[in-house]
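Engineer: I'd like to ask some things about the structure below.
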Amino acid sequence: MMEPEKLAENVELNVSDIQTDTLQTPLTKEGIIAELEAILEMPVNETKERVASLKAAFYSIRKQETEAEFAAFLEKGNEESAFAAKEDAFELRLKEILTIIKDKKAEYQTQLENTRRENLEKKEAILTALSEIADDTDNINKLYSRFQQLQQEFKAIGEVAPEHVTPLWKKYQTATEHFYDQLKINKDLRDYDFKKNLEAKELLVKQAEALDAESDVVSAFKKLQSLHDQWREIGPVAPEIREDIWTRFKAASVTINKKHQAFFEAIKAKEQENEKAKTEICSRIEEIDTATLLTANAWEKATESIKGMQEEWKKLGFASKKVNNELFARFRHSCDDFFAKKAEFYKTLKEEASENLKKKEALCEKAEAMKDSKDWKKTTNDFIALQKEWKSIGPTAHRYTEALWKRFITACDAFFEEKEKVLGAQIKTEKENLAVKKSIIATLKEMIENDVEDAAAQVKELVNNWRETGHVPYKDKDKIQAHFNDALKQVNDKYDLKETRARLRNFKEDVEKMSDASKLSRERDRLIYKYDQKINDLRTYETNMNFFKAQSKNGNSLLRDMERKIQLIRDDIAELEQKIRLIEEKL
């Protein structure tokens with residue numbers, strides 16, 4: 001037994017009607033059985049389509065129950081081969097009802113066939129009698145009334161099998177026309193009949209020609225069939241105009257028949273178009289790789305895409321009858337599967353946020369316990385470690401974020417403000433160091449404005465001087481470092497000194513030496529994987545930026561540190577993009 005696919009409740013798409021593919025209140029098994037019970041009392045020839053619809057709906061529900069039962073069976077640790085669905089009382093009653101309906105249909109069909117066979121025998125007997133009268137030229141005048149009586153009897157007999165309708169009508173027309181051709185009655189009576197028949201047929205011709213103006217093609221076609229039935233019941237016209245009147249009627253009929261055929265060909269084409277569109281929607285949903293949706297934003301973006309495709313689906317009409325229900329079941333399952341996985345993701349995210357809350361509360365308690373310490377060096381390092389740990393912890397529920405951050409940064413500020421008051425003696429030295437670093441930045445800016453020789457050596461010496469220079473005031477540390485990094489980057493760009501360029505040159509040389517396409521592809525895949533990781537890191541840092549915008553000078557230092565890291569990640573992303581592009585050009 002094949003393992004059924006796991007069905008998940010789709011909280012975004014409330015669709016369940018199997019037959020009509022529209023949003024309706026779902027049928028229940030009890031409701032289906034009740035309606036079938038009522039159908040048993042109805043004529044069997046009027047219930048075929050509804051019975052098929054109810055049967056399909058019942059087995060759709062039964063399939064979902066069996067798949068859920070199978071999934072529960074496996075979750076208990078049972079072997080797949082040992083599974084057997086539980087007997088369903090409603091299904092047993094359904095089969096009983098379907099058997100009764102089948103027997104009634106067979107009985108009805110037998111009765112219909114017997115009636116049609118009897119009607120055929122009666123009509124053929126009358127046709128034989130009509131032919132005999134037409135051939136009896138000696139008594140044809142005397143038999144005129146009998147001939148008309150037989151015509152009425154022929155028309156009064158009920159339907160025969162469709163394949164016999166046209167042959168019988170042709171025999172009837174032949175016998176009738178032969179009779180009137182042979183009839184040696186009063187010319188006025190014969191001409192009167194011909195005139196009356198001509199008037200009736202001309203009226204039918206006008207009615208048939210008028211059908212071309214009807215907008216409802218199906219209705220026009222049905223009316224044409226009725227006109228043909230009336231035509232067959234009308235007697236002959238004068239021999240010299242029989243062909244002309246029939247040609248006009250036939251031409252009008254051909255016009256309506258062509259429009260009827262074109263109408264259903266257009267419906268078929270539209271169904272094929274809808275089938276293609278629905279198949280494409282199913283494929284697009286199935287191609288969504290939920291394993292790559294690692295953030296709430298990613299899930300919500302994918303959800304909007306799913307909702308858009310659901311709206312597209314609602315606007316489409318039916319596909320062909322043989323695939324419409326199949327496509328809808330596929331569409332429903334793919335949506336259910338997506339939303340089940342989304343629910344699982346948010347469940348996990350909530351659990352992680354709860355754990356992060358506990359971790360950050362613990363850090364707040366540590367910071368508050370340390371804020372009154374006078375061991376400046378050790379406690380400073382401890383606070384820096386706490387701040388790094390804080391940044392490494394993921395987000396918490398939004399309602400806790402701001403209060404937690406204020407609590408944490410307040411403890412940090414309390415320590416560093418007290419430290420600055422007590423260690424004021426070193427401020428002078430830090431300011432002197434600040435002046436030295438500003439001088440180094442000024443030298444770098446001169447190198448940007450003016451060309452110098454041996455730039456690499458000068459830059460190396462300036463970088464060493466920077467590193468050897470002691471601490472600057474804490475409030476200036478991040479700002480002066482950012483200015484230095486910016487000036488150094490511009491110098492590196494101008495004199496082509498940046499290590500990134502060197503790495504890219506070396507990488508390009510390595511790529512040029514590689515001739516194995518499979519190795520190049522693997523290297524590209526490795527870089528793409530690393531690129532995706534960097535993109536995720538960048539999104540995480542950018543999201544967390546909102547958590548570090550508290551109005552505090554020491555909090556601002558954390559914010560600036562995060563901005564530097566974001567810039568480094570962006571630089572890495574740019575370098576990876578260039579490497580990937582080099583490999584793709586080589587491929």
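Convention: chains lettered A, B, ... in structure tokens order; per-chain residue numbering from 1; ligands numbered from 1 as shown.
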Running DSSP on the backbone, which parts of segment 436-571 of chain A land in alpha helix (DSSP H), as a ChimeraX atom specification?
Structural biologist: /A:436-449,455-468,474-494,499-513,517-545,553-571
Engineer: Do you have, as CSV, the list of residues of segment 419-520 of chain A lying at most 12 Å from segment 371-389 of chain A, each with its nearest atom pair and that distance in Å to one decimal, counting only C-alpha atoms and ordered by chain then number?
Structural biologist:
```
residue,atom,partner,partner_atom,distance
A:Lys419,CA,A:Trp376,CA,6.7
A:Glu420,CA,A:Trp376,CA,9.8
A:Lys421,CA,A:Trp376,CA,11.6
A:Val422,CA,A:Lys374,CA,9.3
A:Leu423,CA,A:Trp376,CA,9.0
A:Tyr474,CA,A:Thr380,CA,11.8
```
Engineer: Write the residues of the selection above to a file with N, CA and C atoms, as a short mmCIF file (atom, residue, chain, number, x, y, z; two decimals), in the first residue's frame.
Structural biologist:
```
data_model
loop_
_atom_site.label_atom_id
_atom_site.label_comp_id
_atom_site.auth_asym_id
_atom_site.auth_seq_id
_atom_site.Cartn_x
_atom_site.Cartn_y
_atom_site.Cartn_z
N LYS A 419 32.71 54.96 35.60
CA LYS A 419 34.12 54.72 35.25
C LYS A 419 34.75 55.99 34.67
N GLU A 420 34.02 56.70 33.83
CA GLU A 420 34.56 57.90 33.21
C GLU A 420 34.82 58.99 34.25
N LYS A 421 33.93 59.07 35.26
CA LYS A 421 34.15 60.05 36.31
C LYS A 421 35.42 59.74 37.09
N VAL A 422 35.59 58.46 37.46
CA VAL A 422 36.71 58.06 38.31
C VAL A 422 38.02 58.12 37.55
N LEU A 423 38.00 57.77 36.27
CA LEU A 423 39.25 57.69 35.50
C LEU A 423 39.51 58.94 34.67
N TYR A 474 36.43 57.31 24.96
CA TYR A 474 35.49 56.25 24.58
C TYR A 474 34.41 56.76 23.62
#
```
Engineer: Would you list the contacts of Gln490 of chain A as a list in words, taking every protein, DNA or RNA residue within 9 Å and counting only C-alpha atoms, but skipping same-chain residues closer than 4 positions in sequence?
Structural biologist: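 Those residues are Leu444, Lys445, Ile448, Asn485, Asp486, Lys494 and Tyr495 of chain A.
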Engineer: Save the residues we just selected, N, CA and C atoms, as a PDB file, in the first residue's frame?
Structural biologist:
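Result file follows (part.pdb):
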```pdb
ATOM      1  N   LEU A 444      46.551  60.611   5.415  1.00  0.00           N
ATOM      2  CA  LEU A 444      45.902  59.750   4.415  1.00  0.00           C
ATOM      3  C   LEU A 444      45.109  60.588   3.419  1.00  0.00           C
ATOM      4  N   LYS A 445      44.439  61.628   3.917  1.00  0.00           N
ATOM      5  CA  LYS A 445      43.649  62.484   3.030  1.00  0.00           C
ATOM      6  C   LYS A 445      44.545  63.240   2.059  1.00  0.00           C
ATOM      7  N   ILE A 448      45.304  61.134  -0.728  1.00  0.00           N
ATOM      8  CA  ILE A 448      44.165  61.028  -1.642  1.00  0.00           C
ATOM      9  C   ILE A 448      44.164  62.199  -2.604  1.00  0.00           C
ATOM     10  N   ASN A 485      38.965  54.259   8.692  1.00  0.00           N
ATOM     11  CA  ASN A 485      38.631  53.191   7.738  1.00  0.00           C
ATOM     12  C   ASN A 485      38.239  53.769   6.390  1.00  0.00           C
ATOM     13  N   ASP A 486      37.475  54.880   6.425  1.00  0.00           N
ATOM     14  CA  ASP A 486      37.040  55.503   5.177  1.00  0.00           C
ATOM     15  C   ASP A 486      38.231  56.073   4.405  1.00  0.00           C
ATOM     16  N   LYS A 494      42.615  54.250  -4.533  1.00  0.00           N
ATOM     17  CA  LYS A 494      43.362  55.087  -5.467  1.00  0.00           C
ATOM     18  C   LYS A 494      44.641  54.396  -5.930  1.00  0.00           C
ATOM     19  N   TYR A 495      45.383  53.793  -4.986  1.00  0.00           N
ATOM     20  CA  TYR A 495      46.677  53.185  -5.322  1.00  0.00           C
ATOM     21  C   TYR A 495      46.583  51.679  -5.566  1.00  0.00           C
TER      22      TYR A 495
END
```
Engineer: Give me, as a list in words, all polymer residues having an atom no more than 10 Å from segment 198-202 of chain A, counting only C-alpha atoms and skipping those fewer than 2 positions away in the same chain.
Structural biologist: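 Result of the neighbour search: Tyr192, Asp193, Phe194, Lys195, Lys196, Leu204, Val205, Lys206, Gln207, Ala208, Leu227, Gln230, Trp231, Arg232, Ile234, Gly235, Pro236, Val237, Ala238, Ile241, Arg242, Ile245, Trp246, Arg248 and Phe249 of chain A.
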Engineer: Counting only C-alpha atoms, which residue out of A:Pro473, A:Thr401, A:Cys412, A:Gln152 sits closest to Ala435 of chain A?
Structural biologist: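 Between A:Pro473, A:Thr401, A:Cys412, A:Gln152, the residue approaching Ala435 of chain A most closely is A:Pro473.
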Engineer: Atom CA of Ala487 of chain A and atom CA of Tyr541 of chain A are how many Å apart?
Structural biologist: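 Between these atoms lies a distance of 24.7 Å.
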Engineer: I want to know what sits within 12 Å of Asn356 of chain A, based on only C-alpha atoms, with residues of the same chain fewer than 5 positions away left out; could you give that as a JSON list (two decimals) with C-alpha atoms, in the first residue's frame?
Structural biologist:
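part-v5.json, written as the output of this step:
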```json
[["chain", "number", "residue", "atom", "x", "y", "z"],
["A", 349, "LEU", "CA", 9.86, 30.76, 16.01],
["A", 350, "LYS", "CA", 7.67, 31.37, 19.05],
["A", 351, "GLU", "CA", 9.62, 28.77, 21.01],
["A", 361, "GLU", "CA", 16.65, 38.53, 31.04],
["A", 362, "ALA", "CA", 19.62, 36.60, 32.44],
["A", 363, "LEU", "CA", 22.03, 39.10, 30.79],
["A", 389, "GLU", "CA", 26.55, 37.92, 23.78],
["A", 390, "TRP", "CA", 23.46, 40.15, 23.64],
["A", 391, "LYS", "CA", 24.00, 40.78, 19.93],
["A", 392, "SER", "CA", 24.41, 37.05, 19.25],
["A", 393, "ILE", "CA", 20.98, 36.25, 20.74],
["A", 394, "GLY", "CA", 18.07, 36.29, 18.31],
["A", 395, "PRO", "CA", 14.94, 38.47, 18.61],
["A", 396, "THR", "CA", 12.27, 38.19, 21.28],
["A", 397, "ALA", "CA", 8.54, 38.90, 21.06],
["A", 398, "HIS", "CA", 8.09, 42.53, 19.98],
["A", 400, "TYR", "CA", 9.36, 42.74, 25.27],
["A", 401, "THR", "CA", 12.11, 44.10, 22.97],
["A", 404, "LEU", "CA", 14.54, 44.57, 27.76]]
```
Engineer: Would you work out the distance separating atom CA of Ile440 of chain A from atom CA of Trp466 of chain A, expressed in Å to one decimal?
Structural biologist: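 Pair atom CA of Ile440 of chain A / atom CA of Trp466 of chain A returns 7.2 Å.
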Engineer: Which of these residues is nearest to Glu584 of chain A, using only C-alpha atoms: A:Ile566, A:Met545, A:Ala517, A:Met447?
Structural biologist: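 Ranked by minimum distance to Glu584 of chain A, first place goes to A:Ala517.
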Engineer: Using only C-alpha atoms, which residues sit within 8 Å of Ala220 of chain A once same-chain residues fewer than 6 positions away are excluded, as a PyMOL selection string?
Structural biologist: chain A and resi 211-212+214+256
Engineer: Here is a test: counting only C-alpha atoms, which residue of A:Gln149, A:Asn274, A:Ser253, A:Asn544 is nearest to Leu316 of chain A?
Structural biologist: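 The closest residue to Leu316 of chain A is A:Asn274.
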Engineer: Using only C-alpha atoms, determine which residues lie at most 10 Å from segment 520-536 of chain A, disregarding the query and same-chain residues fewer than 6 positions distant; provide the list as a ChimeraX atom specification.
Structural biologist: /A:292,294-295,511,514,542,569-570,572-577,579-584,586-587
Engineer: Take atom CA of Val323 of chain A and atom CA of Ile288 of chain A and report the distance between them in Å, one decimal.
Structural biologist: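 According to the coordinates, atom CA of Val323 of chain A and atom CA of Ile288 of chain A are separated by 23.3 Å.
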Engineer: Mind running segment 160-181 of chain A against segment 120-142 of chain A at 8 Å and telling me each contacting residue's nearest atom pair with the distance in Å (one decimal), counting only C-alpha atoms, chain and number ascending, as a tab-separated table?
Structural biologist:
```
residue	atom	partner	partner_atom	distance
A:Val160	CA	A:Leu120	CA	5.8
A:His164	CA	A:Leu120	CA	7.9
A:Leu168	CA	A:Glu124	CA	7.6
A:Lys171	CA	A:Leu127	CA	7.1
A:Tyr172	CA	A:Leu127	CA	6.3
A:Ala175	CA	A:Ser131	CA	5.3
A:Thr176	CA	A:Leu130	CA	7.5
A:His178	CA	A:Ala134	CA	6.2
A:Phe179	CA	A:Ala134	CA	4.3
A:Tyr180	CA	A:Ala134	CA	7.9
```
Engineer: Mind dumping the selected residues with N, CA, C and O atoms as a PDB file, in the first residue's frame?
Structural biologist:
```pdb
ATOM      1  N   VAL A 160     -37.835   6.058 -31.417  1.00  0.00           N
ATOM      2  CA  VAL A 160     -37.082   4.836 -31.676  1.00  0.00           C
ATOM      3  C   VAL A 160     -35.608   5.132 -31.384  1.00  0.00           C
ATOM      4  O   VAL A 160     -35.250   6.266 -31.056  1.00  0.00           O
ATOM      5  N   HIS A 164     -32.040   4.781 -35.976  1.00  0.00           N
ATOM      6  CA  HIS A 164     -33.111   4.415 -36.913  1.00  0.00           C
ATOM      7  C   HIS A 164     -33.929   5.619 -37.355  1.00  0.00           C
ATOM      8  O   HIS A 164     -34.764   5.484 -38.267  1.00  0.00           O
ATOM      9  N   LEU A 168     -35.753   5.755 -41.141  1.00  0.00           N
ATOM     10  CA  LEU A 168     -37.220   5.674 -41.144  1.00  0.00           C
ATOM     11  C   LEU A 168     -37.836   6.882 -41.833  1.00  0.00           C
ATOM     12  O   LEU A 168     -38.803   6.763 -42.589  1.00  0.00           O
ATOM     13  N   LYS A 171     -37.498   6.606 -45.586  1.00  0.00           N
ATOM     14  CA  LYS A 171     -38.474   5.656 -46.122  1.00  0.00           C
ATOM     15  C   LYS A 171     -39.880   6.270 -46.141  1.00  0.00           C
ATOM     16  O   LYS A 171     -40.645   6.094 -47.096  1.00  0.00           O
ATOM     17  N   TYR A 172     -40.195   6.988 -45.072  1.00  0.00           N
ATOM     18  CA  TYR A 172     -41.512   7.636 -44.965  1.00  0.00           C
ATOM     19  C   TYR A 172     -41.676   8.679 -46.066  1.00  0.00           C
ATOM     20  O   TYR A 172     -42.717   8.743 -46.734  1.00  0.00           O
ATOM     21  N   ALA A 175     -42.042   6.926 -49.476  1.00  0.00           N
ATOM     22  CA  ALA A 175     -43.380   6.338 -49.653  1.00  0.00           C
ATOM     23  C   ALA A 175     -44.423   7.428 -49.879  1.00  0.00           C
ATOM     24  O   ALA A 175     -45.332   7.292 -50.738  1.00  0.00           O
ATOM     25  N   THR A 176     -44.318   8.532 -49.112  1.00  0.00           N
ATOM     26  CA  THR A 176     -45.294   9.616 -49.234  1.00  0.00           C
ATOM     27  C   THR A 176     -45.212  10.289 -50.596  1.00  0.00           C
ATOM     28  O   THR A 176     -46.239  10.524 -51.264  1.00  0.00           O
ATOM     29  N   HIS A 178     -43.926   9.061 -53.319  1.00  0.00           N
ATOM     30  CA  HIS A 178     -44.342   8.089 -54.339  1.00  0.00           C
ATOM     31  C   HIS A 178     -45.871   8.010 -54.405  1.00  0.00           C
ATOM     32  O   HIS A 178     -46.461   7.937 -55.490  1.00  0.00           O
ATOM     33  N   PHE A 179     -46.494   8.049 -53.212  1.00  0.00           N
ATOM     34  CA  PHE A 179     -47.967   7.992 -53.168  1.00  0.00           C
ATOM     35  C   PHE A 179     -48.573   9.176 -53.900  1.00  0.00           C
ATOM     36  O   PHE A 179     -49.468   9.032 -54.746  1.00  0.00           O
ATOM     37  N   TYR A 180     -48.051  10.397 -53.582  1.00  0.00           N
ATOM     38  CA  TYR A 180     -48.638  11.581 -54.194  1.00  0.00           C
ATOM     39  C   TYR A 180     -48.320  11.677 -55.681  1.00  0.00           C
ATOM     40  O   TYR A 180     -49.098  12.244 -56.463  1.00  0.00           O
TER      41      TYR A 180
END
```
